[in-house]
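Structure first, commentary second.
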Number of protein chains: 2
Amino acid sequence: MTGNSRFAVSLHILAYLAYRAGMSVPSAEIAASVDTNPVVIRRLLSSLVKARLVKAQKGASGGFSLASTPDNISLLDVYRAVEPQPDHGLKHFSPNHKCPVGAKIESILHAIFFKAQAGMEAELAHVTVGQVHAQLHAVCPGKK
Amino acid sequence: MTGNSRFAVSLHILAYLAYRAGMSVPSAEIAASVDTNPVVIRRLLSSLVKARLVKAQKGASGGFSLASTPDNISLLDVYRAVEPQPDHGLKHFSPNHKCPVGAKIESILHAIFFKAQAGMEAELAHVTVGQVHAQLHAVCPGKK
DNA sequence: CCTAAATGTAACAATTCTCGTTACATATCT
DNA sequence: AGATATGTAACGAGAATTGTTACATTTAGG
């Protein structure tokens with residue numbers, strides 16, 4: 001795969017839970033909306049539950065629901081819950097420390113990538129699941 | 001690999017070319033600094049040449065050199081030259097359009113990812129290869 | 001209390017990406 | 001002419017992602 005789709009699918013999941021407005025929603029129903037296997041959905045939900053963004057209810061008539069108001073969940077919360085720590089290629093980057101450039105470049109790149117990452121996360125921080133939900137309704141107001 | 005290291009290695013390459021101050025540098029020498037195979041270096045340089053950031057000289061005593069002043073090359077130029085178009089997982093994301101959520105989520109996510117990407121690129125835009133080069137000298141002033 | 005429905009997770013295959021490596025054609029300086 | 005470099009194709013190993021099957025565990029509800 002080019003890039004992983006964990007973040008995109010997770011946002012779909014949370015938007016769907018917001019759409020179902022507090023109901024307990026089984027993974028199979030979400031999987032039908034995302035068009036994938038329920039296990040894929042449960043794997044992501046497992047991370048979202050650990051991050052306290054979602055509550056899980058086992059057993060018959062169980063399922064998942066948001067742990068708080070959609071407006072209280074930022075996309076940065078979601079991003080951090082499901083995306084692995086971004087390394088920007090530095091994990092497999094071991095330059096020759098005997099070279100003056102190789103000796104110093106690593107820490108310089110680290111600082112640069114940190115700032116770039118911060119710039120991206122700042123954009124995610126001020127968008128909420130509630131806003132995504134609102135955009136869904138803006139064009140498609142009729143709840144099924 | 002977790003993520004690709006094209007951008008990181010490319011910055012190392014350009015910092016090395018700046019460090020060698022206009023000399024024609026063969027890929028083998030750069031590879032020694034990065035600690036990898038010369039073909040890996042030439043592959044990346046191929047992209048950098050296409051983007052007009054670097055000049056190549058074939059034949060004996062040939063090699064590579066910066067196409068302009070280090071201060072005229074921004075990290076965003078480099079990023080765009082060597083990184084594939086980021087899709088944020090949307091390429092392999094085809095939700096069920098029969099569902100009200102699945103029908104609309106894709107374009108909403110597209111807009112969100114575009115802004116997030118722009119936030120990151122803005123940080124890269126105001127850093128130059130010249131600044132990276134300056135940081136190298138700041139701690140290690142003795143050129144070999 | 002029993003059954004149906006649901007989560008939680010392990011395991012595995014198929015696909016894709018990245019990187020290192022070898023090989024070789026081509027170009028060019030000395 | 002010969003040594004030195006680029007340019008690029010081809011291939012394999014390793015890792016990550018996703019879909020899938022399988023199964024243990026939990027729980028609501030009749």
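Ordering of the structure tokens sets the chain letters (A, B, ...); residue numbers start at 1 within each chain; ligands are numbered from 1 in the order shown.
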_Show me, as a PyMOL selection string, the residues that have an atom within 9 Å of range 7-21 of chain C when counting only C-alpha atoms (C1' of nucleotides), minus same-chain residues fewer than 2 positions from it._
(chain A and resi 1-2+26-27+42-43+46+56-59+62-63) or (chain B and resi 1+3-5+36-37+39-40) or (chain D and resi 11-12+15-22+24-26)
*Please, which residues of range 6-140 of chain A, numbered as in this document, come out strand (DSSP E) from DSSP, as a ChimeraX atom specification?*
/A:54-57,63-66
Mind fitting chain B to chain A by least squares on all Cα atoms in order and giving back the moved coordinates as a compact mmCIF listing (two decimals) with N, CA and C atoms, in the first residue's frame?
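In the end it all went to result19.txt:
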```txt
# COMPACT_ATOMS: atom_id res chain seq x y z
N MET B 1 0.64 -1.15 0.04
CA MET B 1 -0.15 0.09 0.00
C MET B 1 0.78 1.31 0.02
N THR B 2 0.33 2.37 -0.60
CA THR B 2 1.15 3.58 -0.61
C THR B 2 1.30 4.12 0.80
N GLY B 3 0.21 4.48 1.41
CA GLY B 3 0.25 4.89 2.82
C GLY B 3 -0.87 4.15 3.51
N ASN B 4 -0.81 4.06 4.84
CA ASN B 4 -1.89 3.35 5.51
C ASN B 4 -3.15 4.21 5.57
N SER B 5 -4.29 3.54 5.76
CA SER B 5 -5.56 4.26 5.74
C SER B 5 -6.19 4.25 7.12
N ARG B 6 -5.39 4.03 8.14
CA ARG B 6 -5.93 3.95 9.50
C ARG B 6 -6.62 5.25 9.90
N PHE B 7 -5.95 6.36 9.65
CA PHE B 7 -6.53 7.64 10.07
C PHE B 7 -7.82 7.92 9.31
N ALA B 8 -7.81 7.71 8.02
CA ALA B 8 -9.00 7.98 7.21
C ALA B 8 -10.16 7.11 7.64
N VAL B 9 -9.90 5.81 7.84
CA VAL B 9 -10.99 4.91 8.23
C VAL B 9 -11.47 5.24 9.64
N SER B 10 -10.54 5.60 10.52
CA SER B 10 -10.93 5.97 11.89
C SER B 10 -11.86 7.18 11.89
N LEU B 11 -11.57 8.15 11.05
CA LEU B 11 -12.45 9.32 10.98
C LEU B 11 -13.81 8.94 10.45
N HIS B 12 -13.82 8.03 9.50
CA HIS B 12 -15.10 7.53 8.99
C HIS B 12 -15.88 6.86 10.12
N ILE B 13 -15.20 6.04 10.89
CA ILE B 13 -15.85 5.35 12.01
C ILE B 13 -16.45 6.35 12.99
N LEU B 14 -15.67 7.34 13.39
CA LEU B 14 -16.15 8.29 14.39
C LEU B 14 -17.27 9.15 13.82
N ALA B 15 -17.15 9.50 12.55
CA ALA B 15 -18.25 10.26 11.93
C ALA B 15 -19.51 9.43 11.91
N TYR B 16 -19.35 8.14 11.69
CA TYR B 16 -20.52 7.26 11.67
C TYR B 16 -21.14 7.14 13.05
N LEU B 17 -20.30 7.03 14.07
CA LEU B 17 -20.82 6.95 15.44
C LEU B 17 -21.53 8.26 15.82
N ALA B 18 -20.99 9.38 15.39
CA ALA B 18 -21.66 10.66 15.66
C ALA B 18 -23.01 10.69 14.94
N TYR B 19 -23.02 10.20 13.74
CA TYR B 19 -24.24 10.15 12.91
C TYR B 19 -25.31 9.30 13.58
N ARG B 20 -24.90 8.24 14.26
CA ARG B 20 -25.86 7.36 14.93
C ARG B 20 -26.20 7.84 16.34
N ALA B 21 -25.67 8.99 16.68
CA ALA B 21 -26.13 9.77 17.83
C ALA B 21 -26.32 8.99 19.12
N GLY B 22 -25.22 8.33 19.58
CA GLY B 22 -25.28 7.72 20.90
C GLY B 22 -25.76 6.28 20.93
N MET B 23 -26.27 5.78 19.81
CA MET B 23 -26.69 4.38 19.76
C MET B 23 -25.48 3.46 19.91
N SER B 24 -25.70 2.24 20.34
CA SER B 24 -24.64 1.24 20.38
C SER B 24 -24.57 0.56 19.01
N VAL B 25 -23.47 0.78 18.32
CA VAL B 25 -23.36 0.37 16.92
C VAL B 25 -22.38 -0.79 16.78
N PRO B 26 -22.79 -1.92 16.25
CA PRO B 26 -21.89 -3.06 16.09
C PRO B 26 -20.90 -2.83 14.95
N SER B 27 -19.76 -3.50 15.04
CA SER B 27 -18.70 -3.31 14.05
C SER B 27 -19.16 -3.69 12.65
N ALA B 28 -20.09 -4.65 12.56
CA ALA B 28 -20.54 -5.09 11.24
C ALA B 28 -21.27 -3.96 10.51
N GLU B 29 -22.02 -3.16 11.25
CA GLU B 29 -22.74 -2.06 10.62
C GLU B 29 -21.77 -0.99 10.11
N ILE B 30 -20.77 -0.69 10.93
CA ILE B 30 -19.77 0.29 10.50
C ILE B 30 -19.01 -0.24 9.29
N ALA B 31 -18.71 -1.55 9.33
CA ALA B 31 -17.96 -2.15 8.22
C ALA B 31 -18.74 -2.03 6.92
N ALA B 32 -20.05 -2.11 7.00
CA ALA B 32 -20.87 -1.97 5.80
C ALA B 32 -20.75 -0.56 5.22
N SER B 33 -20.64 0.42 6.09
CA SER B 33 -20.52 1.80 5.62
C SER B 33 -19.14 2.06 5.02
N VAL B 34 -18.11 1.47 5.66
CA VAL B 34 -16.74 1.67 5.17
C VAL B 34 -16.45 0.75 3.99
N ASP B 35 -17.21 -0.32 3.89
CA ASP B 35 -17.03 -1.36 2.87
C ASP B 35 -15.74 -2.14 3.08
N THR B 36 -15.64 -2.74 4.26
CA THR B 36 -14.49 -3.59 4.55
C THR B 36 -14.92 -4.66 5.54
N ASN B 37 -13.96 -5.39 6.07
CA ASN B 37 -14.24 -6.48 6.99
C ASN B 37 -14.42 -5.96 8.42
N PRO B 38 -15.38 -6.52 9.17
CA PRO B 38 -15.59 -6.06 10.55
C PRO B 38 -14.35 -6.14 11.42
N VAL B 39 -13.47 -7.08 11.18
CA VAL B 39 -12.27 -7.19 12.00
C VAL B 39 -11.37 -5.98 11.80
N VAL B 40 -11.32 -5.47 10.59
CA VAL B 40 -10.54 -4.26 10.33
C VAL B 40 -11.08 -3.12 11.18
N ILE B 41 -12.38 -3.02 11.24
CA ILE B 41 -13.02 -1.97 12.04
C ILE B 41 -12.73 -2.17 13.53
N ARG B 42 -12.86 -3.41 13.99
CA ARG B 42 -12.62 -3.66 15.41
C ARG B 42 -11.17 -3.40 15.81
N ARG B 43 -10.25 -3.69 14.89
CA ARG B 43 -8.84 -3.41 15.19
C ARG B 43 -8.63 -1.92 15.44
N LEU B 44 -9.20 -1.10 14.60
CA LEU B 44 -9.05 0.34 14.79
C LEU B 44 -9.80 0.79 16.04
N LEU B 45 -10.98 0.25 16.24
CA LEU B 45 -11.75 0.63 17.43
C LEU B 45 -11.02 0.23 18.71
N SER B 46 -10.26 -0.83 18.64
CA SER B 46 -9.46 -1.23 19.79
C SER B 46 -8.51 -0.11 20.21
N SER B 47 -7.89 0.54 19.21
CA SER B 47 -7.01 1.67 19.52
C SER B 47 -7.81 2.86 20.04
N LEU B 48 -8.96 3.09 19.45
CA LEU B 48 -9.76 4.25 19.84
C LEU B 48 -10.33 4.07 21.26
N VAL B 49 -10.62 2.83 21.63
CA VAL B 49 -11.09 2.56 22.98
C VAL B 49 -9.96 2.80 23.98
N LYS B 50 -8.75 2.31 23.62
CA LYS B 50 -7.60 2.51 24.50
C LYS B 50 -7.34 3.99 24.72
N ALA B 51 -7.59 4.79 23.68
CA ALA B 51 -7.37 6.24 23.79
C ALA B 51 -8.55 6.94 24.44
N ARG B 52 -9.54 6.18 24.88
CA ARG B 52 -10.70 6.74 25.59
C ARG B 52 -11.57 7.63 24.71
N LEU B 53 -11.51 7.42 23.41
CA LEU B 53 -12.36 8.22 22.53
C LEU B 53 -13.69 7.53 22.29
N VAL B 54 -13.71 6.21 22.51
CA VAL B 54 -14.88 5.40 22.20
C VAL B 54 -15.10 4.43 23.35
N LYS B 55 -16.38 4.09 23.58
CA LYS B 55 -16.72 3.07 24.57
C LYS B 55 -17.19 1.81 23.85
N ALA B 56 -16.80 0.65 24.40
CA ALA B 56 -17.21 -0.62 23.81
C ALA B 56 -18.15 -1.34 24.76
N GLN B 57 -19.15 -2.02 24.21
CA GLN B 57 -20.07 -2.82 25.00
C GLN B 57 -20.12 -4.22 24.41
N LYS B 58 -19.66 -5.19 25.21
CA LYS B 58 -19.63 -6.57 24.72
C LYS B 58 -21.01 -7.21 24.76
N GLY B 59 -21.11 -8.36 24.13
CA GLY B 59 -22.33 -9.17 24.23
C GLY B 59 -23.46 -8.76 23.31
N ALA B 60 -24.53 -9.52 23.38
CA ALA B 60 -25.68 -9.28 22.51
C ALA B 60 -26.20 -7.85 22.67
N SER B 61 -26.59 -7.26 21.58
CA SER B 61 -27.04 -5.86 21.50
C SER B 61 -25.96 -4.91 22.01
N GLY B 62 -24.71 -5.36 21.97
CA GLY B 62 -23.59 -4.49 22.33
C GLY B 62 -23.15 -3.69 21.12
N GLY B 63 -21.95 -3.12 21.20
CA GLY B 63 -21.43 -2.33 20.09
C GLY B 63 -20.59 -1.17 20.61
N PHE B 64 -20.43 -0.16 19.79
CA PHE B 64 -19.54 0.96 20.11
C PHE B 64 -20.30 2.27 20.09
N SER B 65 -19.82 3.19 20.93
CA SER B 65 -20.39 4.54 20.91
C SER B 65 -19.31 5.54 21.33
N LEU B 66 -19.50 6.79 20.99
CA LEU B 66 -18.52 7.82 21.35
C LEU B 66 -18.44 7.97 22.86
N ALA B 67 -17.22 8.20 23.36
CA ALA B 67 -17.03 8.34 24.80
C ALA B 67 -17.33 9.75 25.27
N SER B 68 -17.40 10.69 24.34
CA SER B 68 -17.77 12.06 24.73
C SER B 68 -18.45 12.76 23.56
N THR B 69 -18.80 14.00 23.76
CA THR B 69 -19.44 14.80 22.71
C THR B 69 -18.54 14.88 21.48
N PRO B 70 -19.10 14.78 20.29
CA PRO B 70 -18.29 14.90 19.07
C PRO B 70 -17.44 16.15 19.04
N ASP B 71 -17.93 17.23 19.62
CA ASP B 71 -17.15 18.47 19.62
C ASP B 71 -15.96 18.41 20.56
N ASN B 72 -15.95 17.43 21.44
CA ASN B 72 -14.83 17.29 22.37
C ASN B 72 -13.73 16.39 21.83
N ILE B 73 -13.91 15.85 20.63
CA ILE B 73 -12.90 14.97 20.04
C ILE B 73 -12.26 15.67 18.85
N SER B 74 -10.98 16.03 18.99
CA SER B 74 -10.29 16.69 17.88
C SER B 74 -9.67 15.64 16.96
N LEU B 75 -9.43 16.03 15.74
CA LEU B 75 -8.82 15.10 14.79
C LEU B 75 -7.39 14.75 15.20
N LEU B 76 -6.77 15.65 15.98
CA LEU B 76 -5.44 15.32 16.48
C LEU B 76 -5.52 14.18 17.50
N ASP B 77 -6.56 14.19 18.33
CA ASP B 77 -6.76 13.06 19.25
C ASP B 77 -6.82 11.75 18.47
N VAL B 78 -7.56 11.77 17.39
CA VAL B 78 -7.75 10.56 16.58
C VAL B 78 -6.44 10.16 15.93
N TYR B 79 -5.76 11.14 15.37
CA TYR B 79 -4.49 10.89 14.70
C TYR B 79 -3.50 10.22 15.66
N ARG B 80 -3.38 10.76 16.84
CA ARG B 80 -2.43 10.20 17.81
C ARG B 80 -2.85 8.82 18.28
N ALA B 81 -4.15 8.57 18.27
CA ALA B 81 -4.64 7.28 18.76
C ALA B 81 -4.33 6.14 17.78
N VAL B 82 -4.35 6.42 16.52
CA VAL B 82 -4.27 5.32 15.54
C VAL B 82 -3.03 5.32 14.65
N GLU B 83 -2.33 6.44 14.60
CA GLU B 83 -1.14 6.48 13.74
C GLU B 83 0.10 6.14 14.54
N PRO B 84 0.96 5.30 13.97
CA PRO B 84 2.23 5.06 14.65
C PRO B 84 3.07 6.33 14.64
N GLN B 85 3.94 6.44 15.60
CA GLN B 85 4.86 7.58 15.70
C GLN B 85 5.56 7.82 14.35
N PRO B 86 5.39 8.99 13.74
CA PRO B 86 6.01 9.22 12.43
C PRO B 86 7.51 9.39 12.56
N ASP B 87 8.25 8.64 11.76
CA ASP B 87 9.71 8.76 11.86
C ASP B 87 10.31 9.46 10.64
N HIS B 88 9.51 9.74 9.63
CA HIS B 88 9.97 10.48 8.46
C HIS B 88 11.21 9.85 7.83
N GLY B 89 11.34 8.55 7.97
CA GLY B 89 12.46 7.88 7.33
C GLY B 89 13.73 7.89 8.16
N LEU B 90 13.68 8.48 9.34
CA LEU B 90 14.90 8.59 10.13
C LEU B 90 15.29 7.27 10.80
N LYS B 91 14.32 6.36 10.93
CA LYS B 91 14.63 5.10 11.59
C LYS B 91 15.66 4.32 10.78
N HIS B 92 15.50 4.36 9.47
CA HIS B 92 16.43 3.62 8.60
C HIS B 92 17.41 4.59 7.95
N PHE B 93 17.98 5.45 8.75
CA PHE B 93 18.87 6.48 8.23
C PHE B 93 20.04 6.57 9.20
N SER B 94 21.14 5.93 8.86
CA SER B 94 22.30 5.87 9.74
C SER B 94 23.53 6.32 8.98
N PRO B 95 23.71 7.64 8.84
CA PRO B 95 24.83 8.14 8.06
C PRO B 95 26.17 7.84 8.70
N ASN B 96 27.19 8.02 7.92
CA ASN B 96 28.56 7.78 8.35
C ASN B 96 29.04 8.90 9.28
N HIS B 97 29.23 8.58 10.55
CA HIS B 97 29.59 9.61 11.52
C HIS B 97 31.04 10.08 11.39
N LYS B 98 31.81 9.38 10.59
CA LYS B 98 33.19 9.84 10.37
C LYS B 98 33.23 11.05 9.44
N CYS B 99 32.14 11.23 8.70
CA CYS B 99 32.06 12.39 7.81
C CYS B 99 31.45 13.55 8.56
N PRO B 100 32.03 14.75 8.43
CA PRO B 100 31.50 15.92 9.14
C PRO B 100 30.02 16.15 8.88
N VAL B 101 29.59 15.89 7.66
CA VAL B 101 28.17 16.06 7.35
C VAL B 101 27.34 14.96 8.01
N GLY B 102 27.80 13.72 7.81
CA GLY B 102 27.06 12.60 8.39
C GLY B 102 26.95 12.66 9.89
N ALA B 103 27.95 13.27 10.52
CA ALA B 103 27.95 13.32 11.98
C ALA B 103 26.87 14.24 12.54
N LYS B 104 26.56 15.31 11.79
CA LYS B 104 25.64 16.32 12.33
C LYS B 104 24.25 16.32 11.71
N ILE B 105 24.12 15.74 10.51
CA ILE B 105 22.87 15.91 9.76
C ILE B 105 21.67 15.32 10.48
N GLU B 106 21.92 14.25 11.23
CA GLU B 106 20.79 13.54 11.81
C GLU B 106 20.00 14.40 12.79
N SER B 107 20.70 15.08 13.68
CA SER B 107 19.98 15.89 14.66
C SER B 107 19.33 17.11 14.00
N ILE B 108 19.98 17.61 12.95
CA ILE B 108 19.39 18.75 12.23
C ILE B 108 18.08 18.34 11.58
N LEU B 109 18.09 17.18 10.92
CA LEU B 109 16.87 16.70 10.28
C LEU B 109 15.79 16.42 11.31
N HIS B 110 16.21 15.90 12.44
CA HIS B 110 15.23 15.61 13.48
C HIS B 110 14.46 16.87 13.86
N ALA B 111 15.17 17.97 14.05
CA ALA B 111 14.52 19.23 14.42
C ALA B 111 13.60 19.72 13.30
N ILE B 112 14.04 19.56 12.06
CA ILE B 112 13.22 20.02 10.93
C ILE B 112 11.93 19.22 10.85
N PHE B 113 12.04 17.90 10.97
CA PHE B 113 10.86 17.05 10.86
C PHE B 113 9.90 17.29 12.01
N PHE B 114 10.45 17.60 13.16
CA PHE B 114 9.59 17.89 14.30
C PHE B 114 8.72 19.11 14.02
N LYS B 115 9.33 20.15 13.47
CA LYS B 115 8.56 21.35 13.15
C LYS B 115 7.53 21.09 12.06
N ALA B 116 7.92 20.32 11.06
CA ALA B 116 6.98 20.03 9.98
C ALA B 116 5.79 19.26 10.52
N GLN B 117 6.07 18.29 11.37
CA GLN B 117 5.01 17.50 11.98
C GLN B 117 4.09 18.39 12.82
N ALA B 118 4.70 19.31 13.57
CA ALA B 118 3.91 20.22 14.40
C ALA B 118 3.00 21.08 13.54
N GLY B 119 3.48 21.50 12.38
CA GLY B 119 2.66 22.30 11.48
C GLY B 119 1.43 21.55 11.03
N MET B 120 1.62 20.25 10.76
CA MET B 120 0.49 19.44 10.32
C MET B 120 -0.48 19.20 11.47
N GLU B 121 0.05 18.88 12.63
CA GLU B 121 -0.80 18.56 13.78
C GLU B 121 -1.61 19.77 14.23
N ALA B 122 -1.03 20.96 14.06
CA ALA B 122 -1.76 22.17 14.44
C ALA B 122 -3.05 22.29 13.64
N GLU B 123 -2.99 21.90 12.38
CA GLU B 123 -4.20 21.96 11.55
C GLU B 123 -5.25 20.95 12.03
N LEU B 124 -4.76 19.78 12.43
CA LEU B 124 -5.69 18.74 12.88
C LEU B 124 -6.30 19.10 14.23
N ALA B 125 -5.55 19.86 15.02
CA ALA B 125 -5.97 20.14 16.40
C ALA B 125 -7.24 20.99 16.45
N HIS B 126 -7.45 21.84 15.46
CA HIS B 126 -8.61 22.73 15.58
C HIS B 126 -9.78 22.29 14.68
N VAL B 127 -9.79 21.01 14.35
CA VAL B 127 -10.97 20.44 13.70
C VAL B 127 -11.48 19.33 14.61
N THR B 128 -12.80 19.23 14.75
CA THR B 128 -13.38 18.21 15.64
C THR B 128 -14.25 17.24 14.85
N VAL B 129 -14.51 16.10 15.48
CA VAL B 129 -15.42 15.13 14.90
C VAL B 129 -16.81 15.76 14.72
N GLY B 130 -17.17 16.64 15.65
CA GLY B 130 -18.44 17.34 15.54
C GLY B 130 -18.54 18.17 14.26
N GLN B 131 -17.43 18.80 13.89
CA GLN B 131 -17.43 19.59 12.65
C GLN B 131 -17.55 18.70 11.42
N VAL B 132 -16.90 17.55 11.49
CA VAL B 132 -17.02 16.61 10.37
C VAL B 132 -18.48 16.16 10.25
N HIS B 133 -19.06 15.85 11.40
CA HIS B 133 -20.46 15.44 11.43
C HIS B 133 -21.36 16.52 10.85
N ALA B 134 -21.08 17.76 11.21
CA ALA B 134 -21.90 18.87 10.71
C ALA B 134 -21.82 18.97 9.20
N GLN B 135 -20.63 18.71 8.67
CA GLN B 135 -20.48 18.78 7.21
C GLN B 135 -21.26 17.68 6.51
N LEU B 136 -21.38 16.54 7.16
CA LEU B 136 -22.19 15.48 6.59
C LEU B 136 -23.64 15.95 6.42
N HIS B 137 -24.17 16.58 7.46
CA HIS B 137 -25.56 17.01 7.43
C HIS B 137 -25.78 18.16 6.47
N ALA B 138 -24.74 18.95 6.27
CA ALA B 138 -24.89 20.14 5.45
C ALA B 138 -25.43 19.81 4.06
N VAL B 139 -24.99 18.69 3.52
CA VAL B 139 -25.40 18.37 2.15
C VAL B 139 -26.48 17.29 2.14
N CYS B 140 -26.51 16.46 3.21
CA CYS B 140 -27.41 15.32 3.21
C CYS B 140 -28.20 15.31 4.51
N PRO B 141 -29.15 16.23 4.67
CA PRO B 141 -29.82 16.42 5.96
C PRO B 141 -30.75 15.28 6.35
N GLY B 142 -31.18 14.48 5.40
CA GLY B 142 -32.14 13.43 5.75
C GLY B 142 -31.49 12.22 6.39
N LYS B 143 -31.56 12.12 7.73
CA LYS B 143 -31.06 10.90 8.38
C LYS B 143 -31.94 9.73 7.99
N LYS B 144 -31.28 8.62 7.66
CA LYS B 144 -32.04 7.46 7.18
C LYS B 144 -33.14 7.07 8.15
```
_For C1' of DT4 in chain D and C1' of DC24 in chain C, the interatomic separation in Å (one decimal)_ =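 That distance, rounded to one decimal, is 14.9 Å.
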Would you tabulate, counting only C-alpha atoms (C1' of nucleotides), all residues of chain C that have an atom at most 6 Å from an atom of chain B, showing the closest pair of atoms and their distance in Å to one decimal, sorted by chain then ascending number, as CSV?
```
residue,atom,partner,partner_atom,distance
C:DA27,C1',B:Gly59,CA,5.4
C:DT28,C1',B:Gly59,CA,4.1
C:DC29,C1',B:Ala60,CA,5.0
```
Grab the residues selected above and save them as a tab-separated table (two decimals), in the first residue's frame with N, CA and C atoms (P, O5', C5', C4', C3', O3' and C1' of nucleotides).
```
chain	number	residue	atom	x	y	z
C	27	DA	P	25.63	8.37	-25.49
C	27	DA	O5'	26.54	9.30	-24.58
C	27	DA	C5'	25.99	9.82	-23.39
C	27	DA	C4'	27.09	10.33	-22.50
C	27	DA	C3'	28.10	11.25	-23.19
C	27	DA	O3'	28.26	12.40	-22.38
C	27	DA	C1'	29.24	9.55	-22.02
C	28	DT	P	28.75	13.79	-23.03
C	28	DT	O5'	30.19	13.96	-22.41
C	28	DT	C5'	30.34	13.84	-21.00
C	28	DT	C4'	31.81	13.68	-20.64
C	28	DT	C3'	32.78	14.46	-21.52
C	28	DT	O3'	33.77	15.01	-20.68
C	28	DT	C1'	33.49	12.26	-21.32
C	29	DC	P	34.05	16.63	-20.82
C	29	DC	O5'	35.43	16.79	-20.00
C	29	DC	C5'	35.43	16.42	-18.65
C	29	DC	C4'	36.61	15.50	-18.34
C	29	DC	C3'	37.99	16.11	-18.66
C	29	DC	O3'	38.76	16.10	-17.49
C	29	DC	C1'	37.83	13.86	-19.44
```
*For each of D:DG7, D:DG2, D:DG14, D:DG29, take the minimum atom-to-atom distance to chain A, counting only C-alpha atoms (C1' of nucleotides), then give the residue where this is smallest.*
D:DG29
*asked:* I need the alpha helix (DSSP H) residues of range 10-111 of chain B per DSSP on the backbone, written as a ChimeraX atom specification.
replied: /B:10-19,27-34,38-50,75-82,100-111
*Kindly give the distance, in Å, that separates C1' of DC23 in chain D and C1' of DC2 in chain C, rounded to a single decimal.*
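C1' of DC2 in chain C lies 19.8 Å from C1' of DC23 in chain D.
For the pair C1' of DA13 in chain D and C1' of DA23 in chain C, the separation is 18.6 Å.
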